[in-house]
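Coordinates from start-v2.pdb are shown below (PDB, C-alpha atoms).
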MODEL        1
ATOM      1  CA  MET A   1     115.946 123.057 130.827
ATOM      2  CA  PHE A   2     115.118 119.618 129.449
ATOM      3  CA  MET A   3     112.375 117.724 131.282
ATOM      4  CA  CYS A   4     110.981 114.183 131.159
ATOM      5  CA  LYS A   5     108.229 115.235 128.748
ATOM      6  CA  ASP A   6     110.912 116.544 126.384
ATOM      7  CA  VAL A   7     112.544 113.110 126.306
ATOM      8  CA  VAL A   8     109.222 111.552 125.291
ATOM      9  CA  GLU A   9     108.617 114.228 122.663
ATOM     10  CA  ASN A  10     112.074 113.691 121.151
ATOM     11  CA  ILE A  11     112.492 109.903 121.492
ATOM     12  CA  MET A  12     111.795 109.190 117.811
ATOM     13  CA  GLY A  13     114.248 111.847 116.654
ATOM     14  CA  TYR A  14     116.820 110.534 119.110
ATOM     15  CA  ILE A  15     116.445 106.922 117.970
ATOM     16  CA  ASP A  16     116.532 108.015 114.309
ATOM     17  CA  CYS A  17     119.589 110.289 114.921
ATOM     18  CA  GLU A  18     117.641 113.303 113.667
ATOM     19  CA  LEU A  19     118.085 115.704 116.612
ATOM     20  CA  ASP A  20     120.079 118.881 116.296
ATOM     21  CA  LEU A  21     123.252 118.960 118.387
ATOM     22  CA  GLN A  22     121.831 121.207 121.136
ATOM     23  CA  THR A  23     118.715 119.056 121.633
ATOM     24  CA  LEU A  24     120.846 115.912 121.618
ATOM     25  CA  LYS A  25     123.147 117.323 124.307
ATOM     26  CA  GLU A  26     120.208 118.389 126.478
ATOM     27  CA  LEU A  27     118.480 115.017 126.096
ATOM     28  CA  GLU A  28     121.648 113.104 126.957
ATOM     29  CA  LYS A  29     122.327 115.337 129.969
ATOM     30  CA  HIS A  30     118.781 114.861 131.242
ATOM     31  CA  THR A  31     118.831 111.088 130.774
ATOM     32  CA  GLY A  32     122.201 111.002 132.544
ATOM     33  CA  ASP A  33     120.619 112.741 135.535
ATOM     34  CA  CYS A  34     117.201 111.025 135.448
ATOM     35  CA  PRO A  35     117.179 107.250 135.984
ATOM     36  CA  GLU A  36     113.535 106.984 134.902
ATOM     37  CA  CYS A  37     114.235 108.610 131.538
ATOM     38  CA  MET A  38     117.396 106.557 131.056
ATOM     39  CA  THR A  39     115.322 103.420 131.640
ATOM     40  CA  PHE A  40     112.662 104.695 129.221
ATOM     41  CA  VAL A  41     115.216 105.343 126.452
ATOM     42  CA  ASN A  42     116.972 102.011 126.984
ATOM     43  CA  THR A  43     113.666 100.128 127.061
ATOM     44  CA  TYR A  44     112.499 101.848 123.879
ATOM     45  CA  LYS A  45     115.765 101.016 122.095
ATOM     46  CA  ARG A  46     115.556  97.403 123.252
ATOM     47  CA  MET A  47     111.924  97.134 122.118
ATOM     48  CA  LEU A  48     112.985  98.230 118.626
ATOM     49  CA  GLU A  49     115.788  95.664 118.599
ATOM     50  CA  ILE A  50     113.499  92.867 119.750
ATOM     51  CA  THR A  51     110.741  93.684 117.286
ATOM     52  CA  GLY A  52     113.128  93.887 114.371
ATOM     53  CA  LYS A  53     113.053  97.672 114.251
ATOM     54  CA  LEU A  54     109.404  98.031 113.343
ATOM     55  CA  LYS A  55     109.972 101.692 112.534
ATOM     56  CA  ASP A  56     111.647 100.540 109.303
ATOM     57  CA  LYS A  57     108.717  98.377 108.216
ATOM     58  CA  PRO A  58     106.213  99.834 105.737
ATOM     59  CA  PHE A  59     103.221  98.965 107.930
ATOM     60  CA  VAL A  60     104.370 101.449 110.584
ATOM     61  CA  THR A  61     102.863 104.499 108.997
ATOM     62  CA  PRO A  62     103.396 108.109 110.070
ATOM     63  CA  GLU A  63      99.932 107.945 111.622
ATOM     64  CA  ILE A  64     100.932 104.986 113.805
ATOM     65  CA  ARG A  65     104.159 106.757 114.808
ATOM     66  CA  ASN A  66     102.142 109.848 115.729
ATOM     67  CA  ARG A  67      99.668 107.787 117.756
ATOM     68  CA  LEU A  68     102.576 106.183 119.615
ATOM     69  CA  ARG A  69     104.050 109.639 120.329
ATOM     70  CA  VAL A  70     100.670 110.854 121.660
ATOM     71  CA  LEU A  71     100.341 107.757 123.840
ATOM     72  CA  LEU A  72     103.828 108.195 125.274
ATOM     73  CA  LYS A  73     103.173 111.875 125.995
ATOM     74  CA  SER A  74      99.971 110.977 127.842
ATOM     75  CA  LYS A  75     101.928 108.667 130.151
ATOM     76  CA  VAL A  76     104.389 111.345 131.305
ATOM     77  CA  LYS A  77     103.376 113.069 134.528
ATOM     78  CA  PRO A  78     103.680 116.869 134.408
ATOM     79  CA  VAL A  79     106.371 118.257 136.689
TER      80      VAL A  79
ENDMDL
END
Write-out of the structure in structure tokens:
Amino acid sequence: MFMCKDVVENIMGYIDCELDLQTLKELEKHTGDCPECMTFVNTYKRMLEITGKLKDKPFVTPEIRNRLRVLLKSKVKPV
């Protein structure tokens, strides 16, 4: 069963189209049922559009991506 924390943990893979089919289906089902996660995913996508897709810029290192992932995980309340 996919939970909100799973959306946060998989957001980068989702945005980068790197999820396996099963994980993708579970994430999309959860976001379809959870307005908060749908808002999170849409906001994250929009942020990347507005900032010129910073994930593609060389100054966004794997370390920065990992720190962002850790920060996002820390903001999700356990269910």
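If you measure from each of A:Val8, A:Cys37, A:Leu48, A:Met1 to Lys25 in chain A using only C-alpha atoms, the closest one turns out to be A:Met1.
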If you count all atoms listed in the file, which residues fall within 12 Å of Tyr44 in chain A, apart from same-chain ones fewer than 6 positions away, as a ChimeraX atom specification?
-> /A:7-8,11-12,14-15,37-38,50-51,53-55,68,72
What box, with edges along x, y and z, holds each listed atom of range 44-47 of chain A when 8 Å is added on every side, and can you state its centre and edge lengths in Å to one decimal, as JSON?
{"center_x": 113.8, "center_y": 99.5, "center_z": 123.0, "size_x": 19.8, "size_y": 20.7, "size_z": 17.8}
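Minimum atom-to-atom distance to His30 in chain A, evaluated using only C-alpha atoms, belongs to A:Lys5 out of A:Gly13, A:Thr43, A:Lys5, A:Glu18.
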Could you list the residues chosen by the PyMOL selection byres ((chain A and resi 73) around 12) in this structure as number ranges by chain?
-> A: 4-11, 66-72, 74-78
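Take the candidates A:Val41, A:Gln22, A:Met47, A:Pro62 and check each one against Phe2 in chain A using only C-alpha atoms; the shortest distance goes to A:Gln22.
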From CA of Asp16 in chain A to CA of Ile64 in chain A the spacing works out at 15.9 Å
Computed gap from CA of Asp33 in chain A to CA of Met3 in chain A is 10.5 Å
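Between CA of Cys34 in chain A and CA of Arg65 in chain A the interatomic distance comes to 24.8 Å.
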